[in-house]
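This is final-v9.tsv. It holds TSV, C-alpha atoms and all ligand atoms.
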```
chain	number	residue	atom	x	y	z
A	1	MET	CA	28.69	37.50	34.02
A	2	GLU	CA	26.79	34.45	35.26
A	3	PRO	CA	28.82	31.46	36.38
A	4	PRO	CA	28.69	28.34	34.20
A	5	SER	CA	25.59	26.39	35.13
A	6	ALA	CA	25.77	22.96	36.76
A	7	THR	CA	23.76	21.48	33.91
A	8	GLY	CA	26.75	21.80	31.62
A	9	GLU	CA	25.33	24.68	29.64
A	10	GLU	CA	27.90	26.98	28.12
A	11	ALA	CA	29.08	29.92	30.20
A	12	ALA	CA	27.52	33.27	29.35
A	13	PRO	CA	29.37	35.08	26.57
A	14	VAL	CA	32.11	37.49	27.60
A	15	ILE	CA	31.03	40.00	24.97
A	16	ALA	CA	27.52	40.19	23.48
A	17	THR	CA	26.15	42.95	21.29
A	18	ARG	CA	22.70	43.29	19.77
A	19	GLY	CA	22.04	45.65	16.89
A	20	LEU	CA	25.06	47.70	17.90
A	21	THR	CA	25.28	50.71	15.62
A	22	LYS	CA	27.50	53.80	15.41
A	23	ARG	CA	26.91	56.70	13.13
A	24	TYR	CA	29.52	59.43	13.54
A	25	ARG	CA	28.50	63.05	13.56
A	26	GLY	CA	29.63	63.55	9.99
A	27	GLY	CA	27.03	60.93	8.99
A	28	GLN	CA	29.49	58.05	8.50
A	29	LEU	CA	27.82	54.72	9.42
A	30	ALA	CA	30.87	52.99	10.91
A	31	VAL	CA	29.12	50.03	12.60
A	32	ASP	CA	25.76	48.80	11.37
A	33	GLY	CA	23.52	46.50	13.45
A	34	LEU	CA	26.26	44.31	14.90
A	35	ASP	CA	25.29	41.08	16.75
A	36	LEU	CA	28.54	39.78	18.18
A	37	THR	CA	28.93	36.84	20.59
A	38	VAL	CA	32.33	36.13	22.11
A	39	PRO	CA	32.38	32.83	24.06
A	40	ALA	CA	34.17	32.62	27.41
A	41	GLY	CA	37.69	31.18	27.07
A	42	SER	CA	37.95	31.85	23.35
A	43	VAL	CA	40.71	33.62	21.45
A	44	PHE	CA	38.39	35.66	19.29
A	45	GLY	CA	39.65	37.25	16.10
A	46	PHE	CA	37.83	40.36	14.94
A	47	LEU	CA	38.76	40.50	11.33
A	48	GLY	CA	38.18	43.05	8.64
A	49	PRO	CA	39.90	45.37	6.20
A	50	ASN	CA	40.94	48.84	7.31
A	51	GLY	CA	37.92	51.04	7.83
A	52	SER	CA	35.46	48.15	8.35
A	53	GLY	CA	34.51	49.35	11.84
A	54	LYS	CA	36.71	47.27	14.16
A	55	THR	CA	38.18	50.12	16.19
A	56	THR	CA	34.80	51.84	16.46
A	57	THR	CA	33.31	48.59	17.83
A	58	ILE	CA	36.13	48.18	20.35
A	59	ARG	CA	35.74	51.78	21.51
A	60	MET	CA	32.02	51.15	22.13
A	61	LEU	CA	32.79	47.88	23.97
A	62	MET	CA	35.21	49.72	26.26
A	63	GLY	CA	32.73	52.51	26.97
A	64	LEU	CA	34.93	55.12	25.27
A	65	ILE	CA	32.17	56.21	22.88
A	66	ASP	CA	28.39	55.80	23.01
A	67	PRO	CA	26.54	53.71	20.44
A	68	THR	CA	23.95	55.45	18.28
A	69	SER	CA	21.64	52.48	18.91
A	70	GLY	CA	21.75	48.86	20.04
A	71	THR	CA	23.30	47.31	23.15
A	72	ALA	CA	26.67	45.95	24.24
A	73	HIS	CA	27.34	43.70	27.24
A	74	VAL	CA	30.87	43.00	28.45
A	75	LEU	CA	31.35	40.41	31.21
A	76	GLY	CA	27.57	40.34	31.50
A	77	ARG	CA	27.25	44.07	32.27
A	78	PRO	CA	25.82	46.77	30.01
A	79	MET	CA	28.27	49.21	28.41
A	80	PRO	CA	28.82	52.10	28.65
A	81	GLY	CA	26.63	52.10	31.82
A	82	ALA	CA	28.83	49.68	33.78
A	83	THR	CA	32.18	50.99	32.51
A	84	ARG	CA	33.57	51.66	36.00
A	85	ALA	CA	32.75	48.16	37.24
A	86	VAL	CA	33.83	46.34	34.08
A	87	LEU	CA	37.07	48.01	33.06
A	88	PRO	CA	39.15	46.86	36.06
A	89	GLU	CA	38.57	43.29	34.87
A	90	VAL	CA	39.57	44.07	31.30
A	91	GLY	CA	43.12	44.55	30.06
A	92	ALA	CA	43.18	46.66	26.92
A	93	LEU	CA	45.83	47.50	24.37
A	94	ILE	CA	44.26	50.00	22.02
A	95	GLU	CA	46.05	52.16	19.46
A	96	GLY	CA	49.49	51.42	20.89
A	97	PRO	CA	50.57	51.99	24.49
A	98	ALA	CA	51.13	55.54	25.71
A	99	LEU	CA	54.70	55.48	27.03
A	100	TYR	CA	57.07	58.00	28.53
A	101	GLY	CA	60.28	57.62	26.58
A	102	PHE	CA	62.41	59.16	29.33
A	103	LEU	CA	61.24	56.55	31.87
A	104	SER	CA	62.43	52.96	31.99
A	105	GLY	CA	60.01	50.19	31.02
A	106	ARG	CA	59.65	49.31	34.71
A	107	ASP	CA	58.98	52.91	35.76
A	108	ASN	CA	56.39	53.25	33.01
A	109	LEU	CA	54.55	50.27	34.47
A	110	LEU	CA	54.85	51.55	38.05
A	111	ARG	CA	53.46	54.90	36.94
A	112	TYR	CA	50.65	53.26	34.99
A	113	ASP	CA	49.71	51.13	38.00
A	114	SER	CA	49.68	54.13	40.38
A	115	ALA	CA	47.15	55.79	38.08
A	116	ASP	CA	44.80	52.85	38.66
A	117	PRO	CA	42.76	53.58	41.80
A	118	ALA	CA	41.84	49.89	42.15
A	119	ALA	CA	45.49	48.73	42.17
A	120	ASP	CA	47.07	47.83	45.53
A	121	PRO	CA	50.23	49.95	46.07
A	122	ARG	CA	51.70	47.37	48.49
A	123	THR	CA	51.97	44.74	45.74
A	124	ARG	CA	52.89	47.20	42.98
A	125	ARG	CA	56.61	46.33	42.69
A	126	ALA	CA	56.00	42.59	42.74
A	127	ARG	CA	53.18	42.79	40.21
A	128	THR	CA	55.28	44.99	37.93
A	129	ALA	CA	58.19	42.55	38.08
A	130	ALA	CA	55.86	39.63	37.34
A	131	ALA	CA	54.31	41.44	34.36
A	132	LEU	CA	57.75	42.28	32.90
A	133	GLU	CA	58.80	38.65	33.35
A	134	ARG	CA	55.60	37.46	31.71
A	135	VAL	CA	56.21	39.41	28.49
A	136	GLY	CA	59.94	38.64	28.39
A	137	LEU	CA	61.12	42.13	29.34
A	138	ALA	CA	62.63	41.36	32.75
A	139	ALA	CA	66.18	41.93	31.49
A	140	ALA	CA	65.25	45.12	29.61
A	141	GLY	CA	63.12	46.57	32.43
A	142	SER	CA	65.70	49.23	33.37
A	143	LYS	CA	66.17	50.48	29.82
A	144	LYS	CA	64.54	53.73	28.84
A	145	ALA	CA	61.34	53.10	26.86
A	146	ARG	CA	62.56	55.30	24.01
A	147	ALA	CA	65.31	52.74	23.38
A	148	TYR	CA	62.72	49.96	22.97
A	149	SER	CA	61.95	48.47	19.57
A	150	LEU	CA	58.35	48.57	18.39
A	151	GLY	CA	57.95	44.93	19.45
A	152	MET	CA	59.27	45.70	22.93
A	153	LYS	CA	56.87	48.64	23.19
A	154	GLN	CA	53.97	46.37	22.26
A	155	ARG	CA	55.10	43.88	24.88
A	156	LEU	CA	55.34	46.63	27.48
A	157	GLY	CA	51.78	47.60	26.54
A	158	LEU	CA	50.72	44.00	27.11
A	159	ALA	CA	52.56	43.99	30.44
A	160	ALA	CA	50.52	47.06	31.44
A	161	ALA	CA	47.34	45.16	30.56
A	162	LEU	CA	48.56	42.25	32.71
A	163	LEU	CA	49.42	44.15	35.90
A	164	ARG	CA	46.34	42.63	37.43
A	165	PRO	CA	44.55	39.35	36.67
A	166	ARG	CA	42.05	39.98	33.91
A	167	ARG	CA	39.07	38.04	32.67
A	168	LEU	CA	39.26	39.64	29.27
A	169	LEU	CA	42.05	41.09	27.15
A	170	VAL	CA	41.14	43.41	24.28
A	171	LEU	CA	43.93	43.97	21.80
A	172	ASP	CA	43.49	46.27	18.80
A	173	GLU	CA	45.84	45.15	16.01
A	174	PRO	CA	48.49	43.91	18.49
A	175	THR	CA	51.01	42.91	15.81
A	176	ASN	CA	50.56	45.95	13.55
A	177	GLY	CA	53.93	47.25	12.38
A	178	LEU	CA	55.94	44.37	13.88
A	179	ASP	CA	58.44	42.27	11.95
A	180	PRO	CA	57.73	38.53	11.56
A	181	GLN	CA	59.78	37.67	14.67
A	182	GLY	CA	57.95	40.28	16.75
A	183	MET	CA	54.61	38.98	15.44
A	184	ARG	CA	55.52	35.43	16.43
A	185	GLU	CA	56.43	36.55	19.93
A	186	ILE	CA	53.16	38.40	20.47
A	187	ARG	CA	51.18	35.45	19.08
A	188	GLY	CA	53.02	33.11	21.45
A	189	LEU	CA	52.12	35.36	24.36
A	190	ILE	CA	48.48	35.47	23.33
A	191	ARG	CA	48.38	31.66	23.25
A	192	GLU	CA	49.94	31.47	26.72
A	193	LEU	CA	47.44	33.93	28.15
A	194	ALA	CA	44.57	32.04	26.59
A	195	ALA	CA	45.90	28.80	28.05
A	196	ASP	CA	45.54	30.42	31.49
A	197	GLY	CA	41.82	30.86	30.81
A	198	THR	CA	41.79	34.56	29.86
A	199	THR	CA	39.40	35.34	27.02
A	200	VAL	CA	41.30	37.28	24.34
A	201	PHE	CA	39.55	39.52	21.83
A	202	LEU	CA	41.90	40.80	19.16
A	203	SER	CA	41.32	42.75	16.00
A	204	SER	CA	43.38	42.21	12.91
A	205	HIS	CA	43.31	42.77	9.18
A	206	LEU	CA	45.52	39.70	8.67
A	207	LEU	CA	43.65	36.52	7.83
A	208	ASP	CA	46.53	34.15	8.41
A	209	GLU	CA	47.18	35.69	11.80
A	210	ILE	CA	43.61	34.92	12.85
A	211	GLU	CA	43.95	31.36	11.54
A	212	GLN	CA	47.15	30.82	13.49
A	213	VAL	CA	46.09	32.09	16.86
A	214	CYS	CA	42.29	32.24	17.15
A	215	THR	CA	39.69	29.65	18.11
A	216	HIS	CA	36.82	31.85	16.97
A	217	ALA	CA	36.45	34.71	14.53
A	218	ALA	CA	34.05	37.31	13.21
A	219	VAL	CA	34.48	38.96	9.85
A	220	MET	CA	33.47	42.56	9.20
A	221	THR	CA	33.13	44.45	5.96
A	222	ARG	CA	31.88	48.03	5.73
A	223	GLY	CA	30.51	48.09	9.26
A	224	ARG	CA	28.54	44.87	8.93
A	225	LEU	CA	29.17	41.39	10.28
A	226	VAL	CA	29.63	38.86	7.48
A	227	VAL	CA	30.05	35.74	9.60
A	228	GLN	CA	31.15	34.58	13.04
A	229	GLY	CA	31.86	31.23	14.66
A	230	ALA	CA	34.58	28.69	15.43
A	231	VAL	CA	37.49	29.07	12.99
A	232	ALA	CA	37.39	25.34	12.20
A	233	ASP	CA	33.68	25.57	11.29
A	234	LEU	CA	34.19	28.69	9.18
A	235	SER	CA	36.91	27.02	7.14
A	236	ALA	CA	34.92	23.79	6.86
A	237	GLY	CA	32.11	25.77	5.23
A	238	ALA	CA	34.28	26.34	2.19
A	239	ARG	CA	35.69	23.58	0.03
A	240	GLY	CA	39.43	23.62	-0.50
A	241	ARG	CA	41.07	23.56	-3.91
A	242	LEU	CA	41.64	20.34	-5.81
A	243	ALA	CA	45.31	19.70	-6.67
A	244	VAL	CA	46.43	17.08	-9.17
A	245	THR	CA	50.12	16.29	-9.58
A	246	THR	CA	50.91	14.76	-12.96
A	247	PRO	CA	53.55	14.52	-15.71
A	248	ASP	CA	50.68	15.33	-18.15
A	249	PRO	CA	49.44	18.71	-16.90
A	250	ALA	CA	47.90	19.92	-20.19
A	251	ASP	CA	45.79	16.77	-20.61
A	252	ALA	CA	44.89	16.83	-16.92
A	253	ALA	CA	43.67	20.44	-17.16
A	254	ARG	CA	41.54	19.57	-20.19
A	255	VAL	CA	39.91	16.56	-18.51
A	256	LEU	CA	39.41	18.43	-15.21
A	257	GLY	CA	37.71	21.25	-17.15
A	258	GLU	CA	35.38	18.70	-18.78
A	259	GLN	CA	34.64	17.31	-15.32
A	260	GLY	CA	33.42	20.70	-14.07
A	261	VAL	CA	36.54	21.89	-12.25
A	262	THR	CA	36.71	25.70	-12.53
A	263	GLY	CA	39.41	28.32	-12.04
A	264	LEU	CA	42.11	25.96	-13.33
A	265	THR	CA	45.74	26.93	-12.96
A	266	VAL	CA	48.76	24.94	-14.09
A	267	THR	CA	52.04	25.37	-12.22
A	268	GLY	CA	54.74	22.99	-13.39
A	269	GLY	CA	53.40	19.51	-12.80
A	270	THR	CA	50.50	20.59	-10.60
A	271	VAL	CA	47.01	21.50	-11.77
A	272	THR	CA	44.68	23.14	-9.26
A	273	GLY	CA	41.08	24.34	-9.41
A	274	GLU	CA	37.76	24.65	-7.62
A	275	PRO	CA	36.24	21.16	-7.31
A	276	PRO	CA	32.75	20.50	-8.71
A	277	ALA	CA	29.90	19.51	-6.36
A	278	ARG	CA	30.09	15.78	-7.13
A	279	ASP	CA	32.02	12.70	-6.03
A	280	LEU	CA	35.70	13.42	-6.60
A	281	ALA	CA	36.36	9.69	-7.11
A	282	GLU	CA	34.57	10.08	-10.46
A	283	VAL	CA	36.78	13.00	-11.39
A	284	ASN	CA	39.86	10.93	-10.59
A	285	ALA	CA	38.48	7.96	-12.58
A	286	ALA	CA	37.92	10.24	-15.59
A	287	LEU	CA	41.56	11.34	-15.47
A	288	VAL	CA	42.76	7.75	-15.40
A	289	ALA	CA	40.32	6.69	-18.17
A	290	ALA	CA	41.69	9.50	-20.37
A	291	GLY	CA	45.22	8.13	-19.91
A	292	VAL	CA	46.41	10.96	-17.64
A	293	ARG	CA	49.11	9.69	-15.29
A	294	VAL	CA	48.14	10.84	-11.80
A	295	ARG	CA	50.85	11.08	-9.14
A	296	GLY	CA	48.80	12.95	-6.56
A	297	PHE	CA	45.12	13.81	-6.19
A	298	THR	CA	44.34	15.90	-3.12
A	299	LEU	CA	41.79	18.32	-1.78
A	300	GLU	CA	43.75	21.06	-0.06
A	301	ARG	CA	42.44	22.16	3.32
A	302	ALA	CA	40.17	25.17	2.98
A	303	SER	CA	41.48	28.31	4.60
A	304	LEU	CA	39.61	31.09	6.25
A	305	GLU	CA	40.41	33.07	3.12
A	306	ASP	CA	38.52	30.52	0.99
A	307	ALA	CA	35.58	30.88	3.38
A	308	PHE	CA	35.75	34.67	3.16
A	309	VAL	CA	35.81	34.63	-0.63
A	310	ALA	CA	32.95	32.10	-0.75
A	311	LEU	CA	30.86	34.23	1.61
A	312	THR	CA	31.43	37.65	0.13
A	313	GLY	CA	32.47	36.95	-3.43
A	314	GLU	CA	35.37	39.32	-2.74
A	315	GLY	CA	39.05	38.78	-2.20
A	316	PHE	CA	40.43	39.66	1.19
A	317	ASP	CA	42.84	42.12	-0.25
A	318	VAL	CA	43.52	45.15	1.85
A	319	ALA	CA	46.13	47.82	1.83
A	320	GLY	CA	48.24	48.31	4.92
A	401	LIG	N1	35.83	59.90	14.85
A	401	LIG	C1	35.34	59.59	13.65
A	401	LIG	N2	34.52	60.46	12.98
A	401	LIG	C2	34.01	60.15	11.77
A	401	LIG	N3	34.25	59.00	11.10
A	401	LIG	C3	35.06	58.09	11.70
A	401	LIG	C4	35.65	58.34	13.01
A	401	LIG	N4	36.39	57.26	13.34
A	401	LIG	C5	36.27	56.38	12.32
A	401	LIG	N5	35.48	56.87	11.34
A	401	LIG	C6	35.08	56.18	10.08
A	401	LIG	O1	34.35	55.02	10.42
A	401	LIG	C7	34.69	53.92	9.59
A	401	LIG	C8	35.19	52.76	10.43
A	401	LIG	O2	36.44	53.10	11.03
A	401	LIG	P1	37.21	52.21	12.09
A	401	LIG	O3	38.41	52.94	12.53
A	401	LIG	O4	36.24	51.75	13.11
A	401	LIG	O5	37.60	50.96	11.20
A	401	LIG	P2	38.72	49.84	11.45
A	401	LIG	O6	38.14	48.58	10.91
A	401	LIG	O7	39.13	49.84	12.87
A	401	LIG	O8	39.88	50.31	10.54
A	401	LIG	P3	41.40	50.62	10.93
A	401	LIG	O9	42.01	49.27	11.08
A	401	LIG	O10	41.88	51.38	9.75
A	401	LIG	O11	41.33	51.41	12.21
A	401	LIG	C9	35.73	54.45	8.62
A	401	LIG	O12	35.08	54.80	7.43
A	401	LIG	C10	36.27	55.68	9.31
A	401	LIG	O13	36.71	56.62	8.38
```
Target encoding structure tokens, full file:
Amino acid sequence: MEPPSATGEEAAPVIATRGLTKRYRGGQLAVDGLDLTVPAGSVFGFLGPNGSGKTTTIRMLMGLIDPTSGTAHVLGRPMPGATRAVLPEVGALIEGPALYGFLSGRDNLLRYDSADPAADPRTRRARTAAALERVGLAAAGSKKARAYSLGMKQRLGLAAALLRPRRLLVLDEPTNGLDPQGMREIRGLIRELAADGTTVFLSSHLLDEIEQVCTHAAVMTRGRLVVQGAVADLSAGARGRLAVTTPDPADAARVLGEQGVTGLTVTGGTVTGEPPARDLAEVNAALVAAGVRVRGFTLERASLEDAFVALTGEGFDVAG
């Protein structure tokens, strides 16, 4: 990767793909012409329902499988050609860590590090201790891995990815199968790592997870990229829902309908709907003119889900 230029131009992207395509032998087009740009220093959420091509993309980025066509650059180097040079700078947690249950967490890490020809054996113990500390497993380091909870196993996998300083972390569904507490812990760790300047690329099928932890996101459906960019910009592209709080919900719903508000729902004393493309002050004035008593009139912040629905016309409803 090129260093950031002195003219203040943005650093070269950490991941860049052009027309990246994978057709499996059975004929399945898993990834279709993907142009992905992951900025340096971002926490990049790779979002899509199960089967949308996320894992296939990650496997191509890591040089594990060859693309059918198109190119992928990771840290400025072509993949899979530069796999040997690139992978030592990338920490990856893909499809759950491979652990030996009969070894302690610490011994698993020591073993993992000895399998890495680029790792310095003289600093192995210290680096292992630091990685365990980093993921909050210092106290549980001597326990056998088979006694670890799923969350602890995920954290041990992250520790393995952190045995050496990395410029990029690639995490495939890092919170899959964890309980809410475990998810929070992993998200906290991701934020800490990002604060240190590591670019984090993580896949997820959970929209709210991406909103909580990511600065940037790309959305996939059926092997194709729907949209990518800064999370704030993606959400800003969609208008939030209008919410009116009133003791006269039936009248409010009628007037809002006349004013072009669609998708109206009434819940207790709150009426919500999709706002029309006109000045909302007029909508509010119409309510007041019709004698509707308005306690609250707000435009709720648009979520990434609103953006997704606006872009695809589909709900982001996935199983699993
Ligand atoms: N080795 C393979 N051979 C043939 N088809 C495959 C293979 N691996 C994946 N596929 C198919 O490619 C498509 C994309 O799968 P992929 O695993 O990349 O999606 P995903 O978004 O990562 O979903 P998940 O979260 O379920 O892993 C799916 O239709 C899948 O069935």
**OP:** Residues up to 10 Å from ligand LIG 401 (chain A), counting all atoms listed in the file: could you list those as a PyMOL selection string?
**Re:** chain A and resi 22-31+46-60+65+95+172-173+176+203-205+220-223+319-320
query = Near range 287-298 of chain A, counting only C-alpha atoms, which residues have an atom at most 9 Å away, once you skip same-chain residues fewer than 5 positions from it, shown as a list in words?
reply = Arg241, Leu242, Ala243, Val244, Thr245, Thr246, Pro247, Asp248, Pro249, Asp251, Ala252, Val255, Leu256, Thr270 and Glu282 of chain A
Separating CA of Leu132 in chain A from CA of Phe102 in chain A, to the nearest tenth of an Å, is a gap of 17.9 Å
Quiz prompt | Neighbour list for Val74 in chain A as a list in words, cut-off 7 Å, only C-alpha atoms, skip fewer than 3 positions in-chain | solution = Val14, Ile15, Ala16, Leu61, Arg77, Pro78 and Met79 of chain A
| task | Give me the residues within 12 Å of Thr123 in chain A as a list in words, counting all atoms listed in the file and dropping any in the same chain fewer than 6 places off. | result |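 Counting only the stated atoms, we get Leu110, Asp113, Ser114, Ala129, Ala130, Leu163 and Arg164 of chain A.
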So how many Å separate CA of Val170 in chain A and CA of Ala126 in chain A, to one decimal?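 Computing the Euclidean distance for CA of Val170 in chain A and CA of Ala126 in chain A yields 23.7 Å.
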What lies within 12 Å of Leu299 in chain A using all atoms listed in the file, ignoring chain neighbours under 3 positions off, as an mmCIF file with C-alpha atoms, in the coordinates of the input?
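Resulting contents of around_30.cif:
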```cif
data_model
loop_
_atom_site.group_PDB
_atom_site.id
_atom_site.type_symbol
_atom_site.label_atom_id
_atom_site.label_comp_id
_atom_site.auth_asym_id
_atom_site.auth_seq_id
_atom_site.Cartn_x
_atom_site.Cartn_y
_atom_site.Cartn_z
ATOM 1 C CA ALA A 238 34.280 26.340 2.190
ATOM 2 C CA ARG A 239 35.690 23.580 0.030
ATOM 3 C CA GLY A 240 39.430 23.620 -0.500
ATOM 4 C CA ARG A 241 41.070 23.560 -3.910
ATOM 5 C CA LEU A 242 41.640 20.340 -5.810
ATOM 6 C CA ALA A 243 45.310 19.700 -6.670
ATOM 7 C CA VAL A 244 46.430 17.080 -9.170
ATOM 8 C CA THR A 245 50.120 16.290 -9.580
ATOM 9 C CA VAL A 271 47.010 21.500 -11.770
ATOM 10 C CA THR A 272 44.680 23.140 -9.260
ATOM 11 C CA GLY A 273 41.080 24.340 -9.410
ATOM 12 C CA GLU A 274 37.760 24.650 -7.620
ATOM 13 C CA PRO A 275 36.240 21.160 -7.310
ATOM 14 C CA PRO A 276 32.750 20.500 -8.710
ATOM 15 C CA LEU A 280 35.700 13.420 -6.600
ATOM 16 C CA ALA A 281 36.360 9.690 -7.110
ATOM 17 C CA ASN A 284 39.860 10.930 -10.590
ATOM 18 C CA GLY A 296 48.800 12.950 -6.560
ATOM 19 C CA ALA A 302 40.170 25.170 2.980
ATOM 20 C CA SER A 303 41.480 28.310 4.600
#
```
- Query: Near Gly182 in chain A, counting only C-alpha atoms, which residues have an atom at most 12 Å away, once you skip same-chain residues fewer than 2 positions from it, shown as an MDAnalysis selection string?
  - Reply: chainID A and resid 135:136 149:155 174:180 184:189
Rank nothing, just name the residue among A:Phe201, A:Arg134, A:Thr37, A:Gly63 nearest to Ala85 in chain A, using all atoms listed in the file.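 Residue with the minimum atom-to-atom distance to Ala85 in chain A: A:Gly63.
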Here CA of Glu192 in chain A and CA of Ala230 in chain A stand apart by 19.3 Å
With distances taken over only C-alpha atoms, the candidate from A:Ala82, A:Ala140, A:Leu234, A:Ala92 nearest Thr199 in chain A is A:Ala92
- Item | Ref. answer, residues at most 9 Å from (24.9, 51.6, 16.3) with only C-alpha atoms, as a list in words |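 Result, sorted by chain then residue number: Gly19, Leu20, Thr21, Lys22, Arg23, Leu29, Ala30, Val31, Asp32, Gly33, Leu34, Asp66, Pro67, Thr68, Ser69, Gly70 and Thr71 of chain A.
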- request: Considering only C-alpha atoms, state which residue in the set A:Gly141, A:Gly81, A:Gly263, A:Gly257 is at the smallest distance from Met62 in chain A.
  value: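 Among the listed residues, the smallest separation from Met62 in chain A belongs to A:Gly81.
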